[in-house]
file upload-v3.csv (CSV, C-alpha atoms)
chain,number,residue,atom,x,y,z
Z,1,MET,CA,25.5,-4.3,-0.2
Z,2,ARG,CA,26.9,-3.4,3.3
Z,3,LEU,CA,27.0,-6.2,5.9
Z,4,PHE,CA,24.4,-6.5,8.7
Z,5,GLU,CA,26.9,-5.2,11.3
Z,6,ASP,CA,27.4,-2.1,9.2
Z,7,MET,CA,23.7,-1.2,9.2
Z,8,ARG,CA,22.1,1.1,11.7
Z,9,VAL,CA,18.4,1.8,12.5
Z,10,GLY,CA,17.7,5.2,11.1
Z,11,ASP,CA,20.1,4.8,8.1
Z,12,VAL,CA,18.4,6.6,5.1
Z,13,PHE,CA,18.9,5.4,1.5
Z,14,GLU,CA,18.1,8.2,-1.0
Z,15,LEU,CA,17.3,6.0,-4.0
Z,16,GLY,CA,16.8,8.8,-6.6
Z,17,ASP,CA,13.7,9.5,-8.7
Z,18,HIS,CA,11.8,8.2,-11.8
Z,19,THR,CA,9.5,9.9,-14.2
Z,20,PHE,CA,6.4,7.9,-15.2
Z,21,THR,CA,5.7,8.7,-18.9
Z,22,ALA,CA,2.4,7.8,-20.5
Z,23,ALA,CA,4.3,5.3,-22.7
Z,24,SER,CA,5.9,3.5,-19.7
Z,25,ILE,CA,2.6,3.4,-17.8
Z,26,ARG,CA,1.0,1.7,-20.8
Z,27,ALA,CA,3.9,-0.6,-21.4
Z,28,PHE,CA,3.9,-1.9,-17.8
Z,29,ALA,CA,0.1,-2.2,-17.7
Z,30,GLY,CA,-0.1,-3.9,-21.0
Z,31,GLN,CA,2.2,-6.7,-19.6
Z,32,PHE,CA,1.0,-7.0,-16.0
Z,33,ASP,CA,-2.1,-4.9,-15.2
Z,34,PRO,CA,-4.2,-4.3,-18.3
Z,35,ASP,CA,-7.0,-2.4,-16.5
Z,36,PRO,CA,-8.4,0.2,-18.9
Z,37,CYS,CA,-7.6,3.0,-16.4
Z,38,HIS,CA,-3.9,2.3,-16.8
Z,39,LEU,CA,-4.0,2.0,-20.6
Z,40,ASP,CA,-6.4,4.6,-21.9
Z,41,GLU,CA,-6.8,8.4,-21.3
Z,42,GLU,CA,-10.6,8.2,-21.8
Z,43,ALA,CA,-11.0,5.2,-19.4
Z,44,GLY,CA,-8.8,7.1,-16.9
Z,45,ARG,CA,-11.1,10.1,-17.1
Z,46,ARG,CA,-14.1,7.9,-16.3
Z,47,SER,CA,-12.2,6.3,-13.3
Z,48,PRO,CA,-12.4,7.6,-9.7
Z,49,TYR,CA,-9.1,9.4,-10.2
Z,50,GLY,CA,-10.3,11.3,-13.3
Z,51,ALA,CA,-7.1,10.6,-15.3
Z,52,MET,CA,-5.0,7.7,-16.5
Z,53,THR,CA,-2.9,6.4,-13.6
Z,54,ALA,CA,0.1,4.1,-13.3
Z,55,SER,CA,-0.5,0.7,-11.9
Z,56,GLY,CA,0.3,0.6,-8.2
Z,57,TRP,CA,2.5,-2.4,-8.9
Z,58,HIS,CA,4.5,-0.3,-11.4
Z,59,VAL,CA,5.1,2.4,-8.8
Z,60,ALA,CA,6.3,-0.3,-6.4
Z,61,VAL,CA,8.6,-2.2,-8.7
Z,62,VAL,CA,10.4,1.0,-9.7
Z,63,TRP,CA,11.3,1.2,-6.0
Z,64,MET,CA,12.9,-2.3,-6.4
Z,65,ARG,CA,14.9,-1.2,-9.4
Z,66,LEU,CA,16.2,1.9,-7.8
Z,67,MET,CA,17.1,0.0,-4.6
Z,68,VAL,CA,19.1,-2.6,-6.6
Z,69,ASP,CA,20.8,0.3,-8.5
Z,70,TYR,CA,21.6,2.0,-5.1
Z,71,ARG,CA,23.2,-1.2,-3.8
Z,72,THR,CA,25.3,-1.6,-7.0
Z,73,ARG,CA,26.6,1.9,-6.5
Z,74,GLU,CA,27.2,1.3,-2.8
Z,75,ASP,CA,29.1,-1.9,-3.5
Z,76,ALA,CA,31.5,-0.1,-5.9
Z,77,GLU,CA,32.1,2.6,-3.3
Z,78,LEU,CA,32.7,0.1,-0.5
Z,79,ARG,CA,35.1,-1.9,-2.6
Z,80,ARG,CA,37.0,1.3,-3.5
Z,81,ARG,CA,37.4,2.0,0.2
Z,82,GLY,CA,38.4,-1.6,0.9
Z,83,GLU,CA,35.4,-2.1,3.1
Z,84,PRO,CA,33.4,-5.4,3.3
Z,85,THR,CA,30.4,-6.0,1.0
Z,86,THR,CA,28.1,-9.0,0.7
Z,87,ASP,CA,25.9,-10.7,-1.8
Z,88,SER,CA,22.4,-9.4,-2.4
Z,89,SER,CA,19.9,-10.1,0.3
Z,90,VAL,CA,17.0,-12.5,0.1
Z,91,SER,CA,13.6,-11.2,1.0
Z,92,PRO,CA,10.9,-13.2,2.8
Z,93,GLY,CA,8.3,-10.6,2.0
Z,94,MET,CA,6.8,-7.1,2.6
Z,95,ARG,CA,4.0,-5.6,4.6
Z,96,ARG,CA,1.5,-2.8,4.6
Z,97,MET,CA,1.8,-1.7,0.9
Z,98,ARG,CA,-0.3,1.5,0.6
Z,99,TRP,CA,-1.0,3.2,-2.7
Z,100,ILE,CA,-1.8,6.6,-1.1
Z,101,ARG,CA,-2.2,8.8,-4.1
Z,102,PRO,CA,-2.5,8.2,-7.9
Z,103,VAL,CA,0.6,8.6,-10.1
Z,104,HIS,CA,-0.2,10.2,-13.5
Z,105,ALA,CA,1.8,10.5,-16.7
Z,106,GLY,CA,4.5,13.1,-16.2
Z,107,ASP,CA,4.8,12.6,-12.4
Z,108,THR,CA,8.3,12.3,-11.0
Z,109,ILE,CA,8.5,10.1,-8.0
Z,110,THR,CA,11.4,10.3,-5.5
Z,111,TYR,CA,12.0,7.2,-3.5
Z,112,ARG,CA,13.5,6.9,0.0
Z,113,SER,CA,14.1,3.9,2.3
Z,114,THR,CA,14.9,4.0,6.0
Z,115,ILE,CA,16.1,1.1,8.2
Z,116,VAL,CA,13.5,0.7,10.9
Z,117,ALA,CA,14.6,-2.6,12.6
Z,118,LEU,CA,17.6,-4.9,12.7
Z,119,ARG,CA,17.7,-8.3,14.4
Z,120,PRO,CA,19.9,-11.4,14.1
Z,121,SER,CA,18.2,-14.5,12.7
Z,122,ALA,CA,17.4,-16.9,15.5
Z,123,SER,CA,17.6,-20.0,13.3
Z,124,ARG,CA,20.5,-19.0,11.0
Z,125,PRO,CA,23.4,-17.3,12.8
Z,126,GLU,CA,25.0,-16.3,9.5
Z,127,TRP,CA,22.1,-14.0,8.6
Z,128,GLY,CA,20.5,-10.9,10.1
Z,129,LEU,CA,17.1,-9.5,9.3
Z,130,CYS,CA,16.7,-5.9,8.2
Z,131,GLU,CA,13.4,-4.1,7.9
Z,132,TRP,CA,13.1,-1.0,5.7
Z,133,ARG,CA,10.3,1.6,5.5
Z,134,ASN,CA,10.0,2.5,1.9
Z,135,ALA,CA,8.3,5.6,0.5
Z,136,GLY,CA,7.7,7.5,-2.8
Z,137,PHE,CA,6.9,11.2,-3.0
Z,138,ASN,CA,5.7,13.1,-6.1
Z,139,GLN,CA,7.0,16.4,-7.4
Z,140,ARG,CA,4.8,18.2,-4.9
Z,141,GLY,CA,6.3,16.3,-2.0
Z,142,GLU,CA,3.1,14.3,-1.5
Z,143,GLU,CA,3.6,10.7,-0.4
Z,144,VAL,CA,2.2,8.3,-3.0
Z,145,LEU,CA,3.6,5.0,-1.9
Z,146,SER,CA,4.5,3.4,1.4
Z,147,PHE,CA,5.5,-0.1,2.5
Z,148,LEU,CA,7.7,-2.1,4.8
Z,149,SER,CA,10.1,-4.7,3.3
Z,150,THR,CA,12.3,-7.3,5.0
Z,151,GLY,CA,15.6,-8.7,3.9
Z,152,PHE,CA,18.0,-11.3,5.1
Z,153,VAL,CA,21.4,-9.7,5.2
Z,154,ARG,CA,24.7,-11.7,5.7
Z,155,ARG,CA,26.7,-11.3,8.9
Z,156,GLN,CA,30.4,-11.1,8.8
Z,157,PRO,CA,31.8,-14.5,9.9
Z,158,GLN,CA,34.9,-13.1,11.7
Z,159,ARG,CA,32.8,-10.6,13.6
Z,160,LEU,CA,30.3,-13.3,14.5
Z,161,ALA,CA,33.1,-15.5,15.7
Z,162,SER,CA,34.5,-12.7,17.9
Z,163,GLY,CA,31.1,-12.2,19.5
Z,164,THR,CA,31.2,-8.4,19.0
Z,165,ALA,CA,28.3,-8.1,16.5
Z,166,ALA,CA,26.3,-5.1,17.4
Z,167,VAL,CA,22.6,-5.6,17.4
Z,168,ILE,CA,20.8,-2.3,17.3
Z,169,SER,CA,17.2,-3.2,17.9
R,1,MET,CA,-16.3,-7.3,-12.6
R,2,ARG,CA,-19.3,-8.3,-10.4
R,3,LEU,CA,-20.8,-5.7,-8.2
R,4,PHE,CA,-20.2,-5.6,-4.4
R,5,GLU,CA,-23.7,-7.0,-3.7
R,6,ASP,CA,-22.9,-10.0,-5.9
R,7,MET,CA,-19.7,-10.9,-3.9
R,8,ARG,CA,-19.8,-13.4,-1.0
R,9,VAL,CA,-17.1,-14.2,1.6
R,10,GLY,CA,-15.7,-17.6,0.5
R,11,ASP,CA,-16.1,-17.0,-3.2
R,12,VAL,CA,-13.0,-18.6,-4.9
R,13,PHE,CA,-11.5,-17.2,-8.1
R,14,GLU,CA,-9.4,-19.8,-9.9
R,15,LEU,CA,-7.1,-17.5,-11.9
R,16,GLY,CA,-5.2,-20.1,-14.0
R,17,ASP,CA,-1.5,-20.8,-14.2
R,18,HIS,CA,1.7,-19.3,-15.6
R,19,THR,CA,5.0,-21.0,-16.5
R,20,PHE,CA,8.1,-18.9,-15.6
R,21,THR,CA,10.7,-19.5,-18.3
R,22,ALA,CA,14.4,-18.6,-17.8
R,23,ALA,CA,13.9,-15.9,-20.5
R,24,SER,CA,10.9,-14.3,-18.8
R,25,ILE,CA,12.6,-14.4,-15.4
R,26,ARG,CA,15.6,-12.6,-16.9
R,27,ALA,CA,13.5,-10.1,-18.9
R,28,PHE,CA,11.5,-9.0,-15.8
R,29,ALA,CA,14.6,-8.8,-13.6
R,30,GLY,CA,16.5,-6.9,-16.2
R,31,GLN,CA,13.8,-4.2,-16.1
R,32,PHE,CA,12.8,-4.1,-12.5
R,33,ASP,CA,15.0,-6.3,-10.2
R,34,PRO,CA,18.4,-6.8,-11.7
R,35,ASP,CA,19.9,-8.8,-8.9
R,36,PRO,CA,22.4,-11.3,-10.2
R,37,CYS,CA,20.5,-14.2,-8.7
R,38,HIS,CA,17.5,-13.4,-11.0
R,39,LEU,CA,19.7,-12.9,-14.1
R,40,ASP,CA,22.4,-15.5,-14.1
R,41,GLU,CA,22.5,-19.3,-13.5
R,42,GLU,CA,26.0,-19.2,-11.9
R,43,ALA,CA,25.0,-16.3,-9.5
R,44,GLY,CA,21.8,-18.3,-8.7
R,45,ARG,CA,23.9,-21.4,-7.8
R,46,ARG,CA,26.0,-19.2,-5.3
R,47,SER,CA,22.8,-17.8,-3.8
R,48,PRO,CA,21.0,-19.2,-0.7
R,49,TYR,CA,18.5,-21.0,-3.1
R,50,GLY,CA,21.2,-22.8,-5.1
R,51,ALA,CA,19.6,-21.9,-8.5
R,52,MET,CA,18.4,-18.8,-10.5
R,53,THR,CA,15.1,-17.6,-9.1
R,54,ALA,CA,12.3,-15.4,-10.3
R,55,SER,CA,12.0,-12.0,-8.6
R,56,GLY,CA,9.3,-12.1,-6.0
R,57,TRP,CA,7.8,-9.0,-7.6
R,58,HIS,CA,7.5,-10.9,-10.9
R,59,VAL,CA,5.7,-13.8,-9.2
R,60,ALA,CA,3.3,-11.2,-7.6
R,61,VAL,CA,2.6,-9.1,-10.7
R,62,VAL,CA,1.7,-12.3,-12.7
R,63,TRP,CA,-1.1,-12.7,-10.1
R,64,MET,CA,-2.3,-9.2,-11.0
R,65,ARG,CA,-2.3,-10.0,-14.7
R,66,LEU,CA,-4.2,-13.2,-14.2
R,67,MET,CA,-6.7,-11.4,-12.0
R,68,VAL,CA,-7.4,-8.7,-14.6
R,69,ASP,CA,-7.8,-11.5,-17.3
R,70,TYR,CA,-10.2,-13.3,-15.0
R,71,ARG,CA,-12.3,-10.2,-14.6
R,72,THR,CA,-12.4,-9.6,-18.3
R,73,ARG,CA,-13.7,-13.1,-18.9
R,74,GLU,CA,-16.2,-12.7,-16.0
R,75,ASP,CA,-17.5,-9.4,-17.5
R,76,ALA,CA,-18.1,-11.1,-20.8
R,77,GLU,CA,-20.0,-13.9,-19.1
R,78,LEU,CA,-22.1,-11.6,-16.9
R,79,ARG,CA,-23.0,-9.4,-20.0
R,80,ARG,CA,-24.0,-12.5,-21.9
R,81,ARG,CA,-26.4,-13.4,-19.1
R,82,GLY,CA,-27.7,-9.8,-18.8
R,83,GLU,CA,-26.3,-9.5,-15.2
R,84,PRO,CA,-24.8,-6.3,-13.9
R,85,THR,CA,-21.1,-5.6,-14.1
R,86,THR,CA,-19.0,-2.6,-13.0
R,87,ASP,CA,-15.8,-0.9,-13.8
R,88,SER,CA,-12.5,-2.1,-12.5
R,89,SER,CA,-11.9,-1.6,-8.8
R,90,VAL,CA,-9.4,0.8,-7.3
R,91,SER,CA,-7.0,-0.6,-4.7
R,92,PRO,CA,-5.7,1.2,-1.7
R,93,GLY,CA,-3.1,-1.4,-1.0
R,94,MET,CA,-2.2,-4.9,0.1
R,95,ARG,CA,-0.8,-6.6,3.1
R,96,ARG,CA,1.4,-9.5,4.3
R,97,MET,CA,3.1,-10.4,1.1
R,98,ARG,CA,5.1,-13.6,1.7
R,99,TRP,CA,7.5,-15.1,-0.8
R,100,ILE,CA,7.3,-18.5,0.8
R,101,ARG,CA,9.4,-20.6,-1.7
R,102,PRO,CA,11.6,-19.8,-4.6
R,103,VAL,CA,10.3,-20.0,-8.2
R,104,HIS,CA,12.8,-21.4,-10.6
R,105,ALA,CA,12.9,-21.5,-14.4
R,106,GLY,CA,10.3,-24.1,-15.7
R,107,ASP,CA,8.1,-23.8,-12.6
R,108,THR,CA,4.3,-23.5,-13.3
R,109,ILE,CA,2.5,-21.5,-10.7
R,110,THR,CA,-1.3,-21.8,-10.3
R,111,TYR,CA,-3.0,-18.8,-8.7
R,112,ARG,CA,-6.1,-18.7,-6.6
R,113,SER,CA,-7.9,-15.8,-4.8
R,114,THR,CA,-10.6,-16.1,-2.2
R,115,ILE,CA,-12.8,-13.3,-0.8
R,116,VAL,CA,-12.1,-13.2,2.9
R,117,ALA,CA,-14.0,-9.9,3.9
R,118,LEU,CA,-16.6,-7.5,2.6
R,119,ARG,CA,-17.7,-4.3,4.1
R,120,PRO,CA,-19.4,-1.1,2.9
R,121,SER,CA,-17.2,2.0,2.8
R,122,ALA,CA,-18.1,4.2,5.7
R,123,SER,CA,-17.2,7.4,4.0
R,124,ARG,CA,-18.3,6.6,0.4
R,125,PRO,CA,-21.7,4.9,0.2
R,126,GLU,CA,-21.3,4.1,-3.5
R,127,TRP,CA,-18.3,1.8,-2.8
R,128,GLY,CA,-17.8,-1.4,-0.9
R,129,LEU,CA,-14.4,-2.8,0.3
R,130,CYS,CA,-13.5,-6.3,-0.6
R,131,GLU,CA,-10.5,-8.2,0.7
R,132,TRP,CA,-9.0,-11.2,-1.1
R,133,ARG,CA,-6.5,-13.7,0.1
R,134,ASN,CA,-4.3,-14.5,-2.9
R,135,ALA,CA,-2.0,-17.5,-3.3
R,136,GLY,CA,0.3,-19.2,-5.8
R,137,PHE,CA,1.1,-22.9,-5.8
R,138,ASN,CA,3.9,-24.6,-7.8
R,139,GLN,CA,3.5,-27.9,-9.8
R,140,ARG,CA,4.1,-29.9,-6.6
R,141,GLY,CA,1.2,-28.1,-4.9
R,142,GLU,CA,3.6,-26.1,-2.6
R,143,GLU,CA,2.5,-22.6,-1.7
R,144,VAL,CA,5.1,-20.1,-3.1
R,145,LEU,CA,3.2,-16.8,-2.7
R,146,SER,CA,0.6,-15.4,-0.3
R,147,PHE,CA,-0.8,-12.0,0.3
R,148,LEU,CA,-4.0,-10.0,1.1
R,149,SER,CA,-5.2,-7.4,-1.3
R,150,THR,CA,-8.0,-4.8,-0.9
R,151,GLY,CA,-10.2,-3.3,-3.5
R,152,PHE,CA,-13.0,-0.7,-3.6
R,153,VAL,CA,-15.9,-2.2,-5.5
R,154,ARG,CA,-18.9,-0.3,-6.8
R,155,ARG,CA,-22.3,-0.9,-5.2
R,156,GLN,CA,-25.4,-1.0,-7.3
R,157,PRO,CA,-27.3,2.3,-6.9
R,158,GLN,CA,-30.8,0.9,-7.1
R,159,ARG,CA,-30.0,-1.8,-4.5
R,160,LEU,CA,-28.4,0.9,-2.3
R,161,ALA,CA,-31.5,3.0,-2.5
R,162,SER,CA,-33.8,0.1,-1.6
R,163,GLY,CA,-31.7,-0.5,1.5
R,164,THR,CA,-31.4,-4.3,0.9
R,165,ALA,CA,-27.6,-4.5,0.3
R,166,ALA,CA,-26.4,-7.6,2.0
R,167,VAL,CA,-23.2,-7.1,4.0
R,168,ILE,CA,-21.6,-10.4,4.7
R,169,SER,CA,-18.9,-9.5,7.1
call {"tool": "encode", "arguments": {"input": "upload-v3.csv", "output": "structure tokens"}}
result
Amino acid sequence: MRLFEDMRVGDVFELGDHTFTAASIRAFAGQFDPDPCHLDEEAGRRSPYGAMTASGWHVAVVWMRLMVDYRTREDAELRRRGEPTTDSSVSPGMRRMRWIRPVHAGDTITYRSTIVALRPSASRPEWGLCEWRNAGFNQRGEEVLSFLSTGFVRRQPQRLASGTAAVIS
Amino acid sequence: MRLFEDMRVGDVFELGDHTFTAASIRAFAGQFDPDPCHLDEEAGRRSPYGAMTASGWHVAVVWMRLMVDYRTREDAELRRRGEPTTDSSVSPGMRRMRWIRPVHAGDTITYRSTIVALRPSASRPEWGLCEWRNAGFNQRGEEVLSFLSTGFVRRQPQRLASGTAAVIS
């Protein structure tokens, strides 16, 4: 992924989309969230949403998958251009996960992440902290998922040494 | 699961434990978080943690699995005793997910959830809102995971009608 010094508040990552099939909803739920409303059409009809829904965790981890895929594509492009890249980031956590609307079989969710804050790490000068606002939208443009994630991102040693690292916010 | 009126702030749910094998760490990461540090021993050694680690999402969704399994066992016990149960809850989200320490292959994580808040839904009198503090501890007793989750839980209609529903906080 790009280095901390090459990130800007407001940078948008269009991560692509994912269609949740009934089979994939059941496969995830069977492993990690075997609530009947994620496994069975009839139980879904009896639930508050009136239809089988994807586990909120499933909708969230698909964001993670698409973010890693985005970084892999970005790395290839940066290397092609001879620009610096760094190892994957390490995340201390995330905040304010909201499952805003249900995701049903056949829904296609488009994911987008925006950098909302950047700050150097106080204790570890070789790292910066980046905060993303992450969101998923269904095929009607309705927001279904929203959360804030934080990652440690490496700073470029030579820029650090020269003291010219730009801190945006 | 138990009804809203049968929940108390301070109730502790001992969810059991899960051992993260190298194979299960790689299988989850391959599907949802294919960062090299979750897939490859050598990449793990080069990472800030010095060893292959489980995806934080993996450590979190195992909590969900153990919570659903707990509710299933609780339902069977409540039915055996002739006490009321309700359908699974619906969650609007979670907060303050912290991946506190890395989880490595061979680590056994013990999960515990505690009810920290209960309040009736203002807009939907048939539902209450329950907040849990959820945590995972490794075999050395160190906390590796912490987050707050919220669920809508059904209230018992006859108790609602009688106006005796106890609201704890």
call {"tool": "calpha_fit_and_write", "arguments": {"input": "upload-v3.csv", "fixed": "chain Z", "moving": "chain R", "output": "tab-separated table (two decimals) with C-alpha atoms, in the coordinates of the input"}}
result
chain	number	residue	atom	x	y	z
R	1	MET	CA	25.55	-4.30	-0.22
R	2	ARG	CA	26.87	-3.48	3.31
R	3	LEU	CA	26.99	-6.23	5.82
R	4	PHE	CA	24.43	-6.54	8.68
R	5	GLU	CA	26.97	-5.24	11.24
R	6	ASP	CA	27.44	-2.10	9.13
R	7	MET	CA	23.65	-1.27	9.13
R	8	ARG	CA	22.13	1.06	11.77
R	9	VAL	CA	18.44	1.75	12.54
R	10	GLY	CA	17.80	5.24	11.06
R	11	ASP	CA	20.14	4.85	8.13
R	12	VAL	CA	18.42	6.59	5.12
R	13	PHE	CA	18.91	5.41	1.55
R	14	GLU	CA	18.08	8.14	-0.95
R	15	LEU	CA	17.26	6.00	-4.00
R	16	GLY	CA	16.75	8.75	-6.64
R	17	ASP	CA	13.73	9.53	-8.77
R	18	HIS	CA	11.82	8.17	-11.76
R	19	THR	CA	9.50	9.97	-14.20
R	20	PHE	CA	6.45	7.88	-15.24
R	21	THR	CA	5.71	8.68	-18.88
R	22	ALA	CA	2.34	7.82	-20.51
R	23	ALA	CA	4.26	5.27	-22.66
R	24	SER	CA	5.89	3.52	-19.71
R	25	ILE	CA	2.63	3.45	-17.76
R	26	ARG	CA	0.94	1.80	-20.75
R	27	ALA	CA	3.83	-0.62	-21.44
R	28	PHE	CA	3.86	-1.93	-17.82
R	29	ALA	CA	0.06	-2.20	-17.66
R	30	GLY	CA	-0.10	-3.92	-20.98
R	31	GLN	CA	2.17	-6.67	-19.59
R	32	PHE	CA	1.06	-6.99	-16.03
R	33	ASP	CA	-2.07	-4.89	-15.16
R	34	PRO	CA	-4.13	-4.25	-18.23
R	35	ASP	CA	-6.93	-2.39	-16.57
R	36	PRO	CA	-8.38	0.23	-18.87
R	37	CYS	CA	-7.64	3.00	-16.42
R	38	HIS	CA	-3.86	2.29	-16.77
R	39	LEU	CA	-4.03	2.00	-20.59
R	40	ASP	CA	-6.34	4.65	-21.90
R	41	GLU	CA	-6.81	8.41	-21.23
R	42	GLU	CA	-10.62	8.28	-21.78
R	43	ALA	CA	-11.03	5.22	-19.40
R	44	GLY	CA	-8.80	7.12	-16.88
R	45	ARG	CA	-11.10	10.20	-17.08
R	46	ARG	CA	-14.18	7.89	-16.24
R	47	SER	CA	-12.28	6.35	-13.34
R	48	PRO	CA	-12.46	7.54	-9.68
R	49	TYR	CA	-9.09	9.43	-10.24
R	50	GLY	CA	-10.31	11.39	-13.27
R	51	ALA	CA	-7.12	10.66	-15.31
R	52	MET	CA	-4.97	7.66	-16.53
R	53	THR	CA	-2.93	6.33	-13.64
R	54	ALA	CA	0.11	4.15	-13.26
R	55	SER	CA	-0.50	0.65	-11.87
R	56	GLY	CA	0.36	0.56	-8.22
R	57	TRP	CA	2.54	-2.47	-8.94
R	58	HIS	CA	4.55	-0.39	-11.43
R	59	VAL	CA	5.09	2.38	-8.87
R	60	ALA	CA	6.29	-0.35	-6.38
R	61	VAL	CA	8.59	-2.28	-8.72
R	62	VAL	CA	10.37	1.01	-9.73
R	63	TRP	CA	11.32	1.21	-6.01
R	64	MET	CA	12.87	-2.25	-6.32
R	65	ARG	CA	14.86	-1.24	-9.38
R	66	LEU	CA	16.13	1.90	-7.75
R	67	MET	CA	17.08	-0.07	-4.66
R	68	VAL	CA	19.12	-2.63	-6.62
R	69	ASP	CA	20.87	0.32	-8.51
R	70	TYR	CA	21.61	1.94	-5.18
R	71	ARG	CA	23.22	-1.22	-3.89
R	72	THR	CA	25.31	-1.60	-6.97
R	73	ARG	CA	26.67	1.90	-6.57
R	74	GLU	CA	27.21	1.29	-2.81
R	75	ASP	CA	29.17	-1.94	-3.56
R	76	ALA	CA	31.43	-0.06	-5.91
R	77	GLU	CA	32.06	2.60	-3.29
R	78	LEU	CA	32.68	0.15	-0.44
R	79	ARG	CA	35.15	-1.89	-2.69
R	80	ARG	CA	36.96	1.30	-3.56
R	81	ARG	CA	37.46	1.99	0.14
R	82	GLY	CA	38.45	-1.64	0.88
R	83	GLU	CA	35.33	-2.12	3.13
R	84	PRO	CA	33.42	-5.37	3.23
R	85	THR	CA	30.43	-5.99	1.02
R	86	THR	CA	28.12	-9.01	0.63
R	87	ASP	CA	25.88	-10.61	-1.87
R	88	SER	CA	22.39	-9.43	-2.49
R	89	SER	CA	19.89	-10.13	0.27
R	90	VAL	CA	17.02	-12.57	0.04
R	91	SER	CA	13.57	-11.28	1.00
R	92	PRO	CA	10.89	-13.23	2.72
R	93	GLY	CA	8.28	-10.63	2.05
R	94	MET	CA	6.87	-7.18	2.69
R	95	ARG	CA	4.04	-5.64	4.55
R	96	ARG	CA	1.49	-2.77	4.54
R	97	MET	CA	1.77	-1.66	0.99
R	98	ARG	CA	-0.29	1.53	0.60
R	99	TRP	CA	-0.98	3.22	-2.71
R	100	ILE	CA	-1.73	6.52	-1.06
R	101	ARG	CA	-2.18	8.79	-4.17
R	102	PRO	CA	-2.46	8.20	-7.84
R	103	VAL	CA	0.58	8.59	-10.15
R	104	HIS	CA	-0.25	10.17	-13.43
R	105	ALA	CA	1.71	10.49	-16.67
R	106	GLY	CA	4.56	13.11	-16.21
R	107	ASP	CA	4.74	12.60	-12.44
R	108	THR	CA	8.32	12.27	-10.99
R	109	ILE	CA	8.47	10.09	-7.95
R	110	THR	CA	11.44	10.30	-5.54
R	111	TYR	CA	12.06	7.19	-3.46
R	112	ARG	CA	13.54	6.91	-0.02
R	113	SER	CA	14.13	3.88	2.29
R	114	THR	CA	14.99	3.98	5.95
R	115	ILE	CA	16.13	1.07	8.15
R	116	VAL	CA	13.54	0.77	10.87
R	117	ALA	CA	14.66	-2.62	12.55
R	118	LEU	CA	17.59	-4.98	12.72
R	119	ARG	CA	17.76	-8.28	14.39
R	120	PRO	CA	19.89	-11.44	14.11
R	121	SER	CA	18.14	-14.49	12.66
R	122	ALA	CA	17.37	-16.87	15.45
R	123	SER	CA	17.59	-19.95	13.35
R	124	ARG	CA	20.44	-18.96	10.97
R	125	PRO	CA	23.38	-17.31	12.74
R	126	GLU	CA	25.03	-16.29	9.46
R	127	TRP	CA	22.09	-13.98	8.56
R	128	GLY	CA	20.59	-10.89	10.07
R	129	LEU	CA	17.06	-9.50	9.33
R	130	CYS	CA	16.73	-5.94	8.29
R	131	GLU	CA	13.47	-4.07	7.87
R	132	TRP	CA	13.13	-0.94	5.72
R	133	ARG	CA	10.34	1.53	5.53
R	134	ASN	CA	10.09	2.54	1.87
R	135	ALA	CA	8.32	5.59	0.46
R	136	GLY	CA	7.71	7.48	-2.78
R	137	PHE	CA	6.97	11.18	-3.00
R	138	ASN	CA	5.67	13.04	-6.09
R	139	GLN	CA	7.03	16.45	-7.36
R	140	ARG	CA	4.77	18.27	-4.88
R	141	GLY	CA	6.32	16.32	-1.99
R	142	GLU	CA	3.09	14.24	-1.48
R	143	GLU	CA	3.59	10.67	-0.33
R	144	VAL	CA	2.20	8.30	-3.05
R	145	LEU	CA	3.64	4.95	-1.88
R	146	SER	CA	4.55	3.37	1.45
R	147	PHE	CA	5.46	-0.08	2.52
R	148	LEU	CA	7.76	-2.18	4.80
R	149	SER	CA	10.10	-4.66	3.28
R	150	THR	CA	12.29	-7.33	4.98
R	151	GLY	CA	15.57	-8.71	3.90
R	152	PHE	CA	18.02	-11.35	5.17
R	153	VAL	CA	21.46	-9.79	5.23
R	154	ARG	CA	24.72	-11.66	5.65
R	155	ARG	CA	26.71	-11.22	8.87
R	156	GLN	CA	30.45	-11.05	8.78
R	157	PRO	CA	31.89	-14.40	9.95
R	158	GLN	CA	34.92	-13.05	11.76
R	159	ARG	CA	32.79	-10.49	13.66
R	160	LEU	CA	30.30	-13.29	14.49
R	161	ALA	CA	33.06	-15.43	15.87
R	162	SER	CA	34.46	-12.62	18.04
R	163	GLY	CA	31.01	-12.17	19.54
R	164	THR	CA	31.01	-8.33	19.10
R	165	ALA	CA	28.14	-8.03	16.56
R	166	ALA	CA	26.16	-5.02	17.51
R	167	VAL	CA	22.39	-5.58	17.44
R	168	ILE	CA	20.61	-2.30	17.35
R	169	SER	CA	17.06	-3.29	17.86
call {"tool": "interface_residues", "arguments": {"input": "upload-v3.csv", "of": "chain Z", "to": "chain R", "cutoff": "6 Å", "atoms": "only C-alpha atoms", "output": "PyMOL selection string"}}
result
chain Z and resi 32-33+61+64-65+92-99
call {"tool": "atom_distance", "arguments": {"input": "upload-v3.csv", "atom1": "CA of Thr110 in chain Z", "atom2": "CA of Ser24 in chain Z"}}
result
16.7 Å
call {"tool": "atom_distance", "arguments": {"input": "upload-v3.csv", "atom1": "CA of Ala117 in chain Z", "atom2": "CA of Met7 in chain Z"}}
result
9.8 Å
call {"tool": "atom_distance", "arguments": {"input": "upload-v3.csv", "atom1": "CA of Ala54 in chain Z", "atom2": "CA of Gly16 in chain Z"}}
result
18.6 Å
call {"tool": "residues_around", "arguments": {"input": "upload-v3.csv", "residues": "Glu41 in chain R", "least_positions_apart": "4", "cutoff": "8 Å", "atoms": "all atoms listed in the file", "output": "list of chain:residue names"}}
result
R:Cys37, R:Arg45, R:Ala51, R:Met52
call {"tool": "residues_around", "arguments": {"input": "upload-v3.csv", "residues": "Trp132 in chain Z", "least_positions_apart": "5", "cutoff": "10 Å", "atoms": "all atoms listed in the file", "output": "ChimeraX atom specification"}}
result
/Z:9-13,94,112-118,147-151
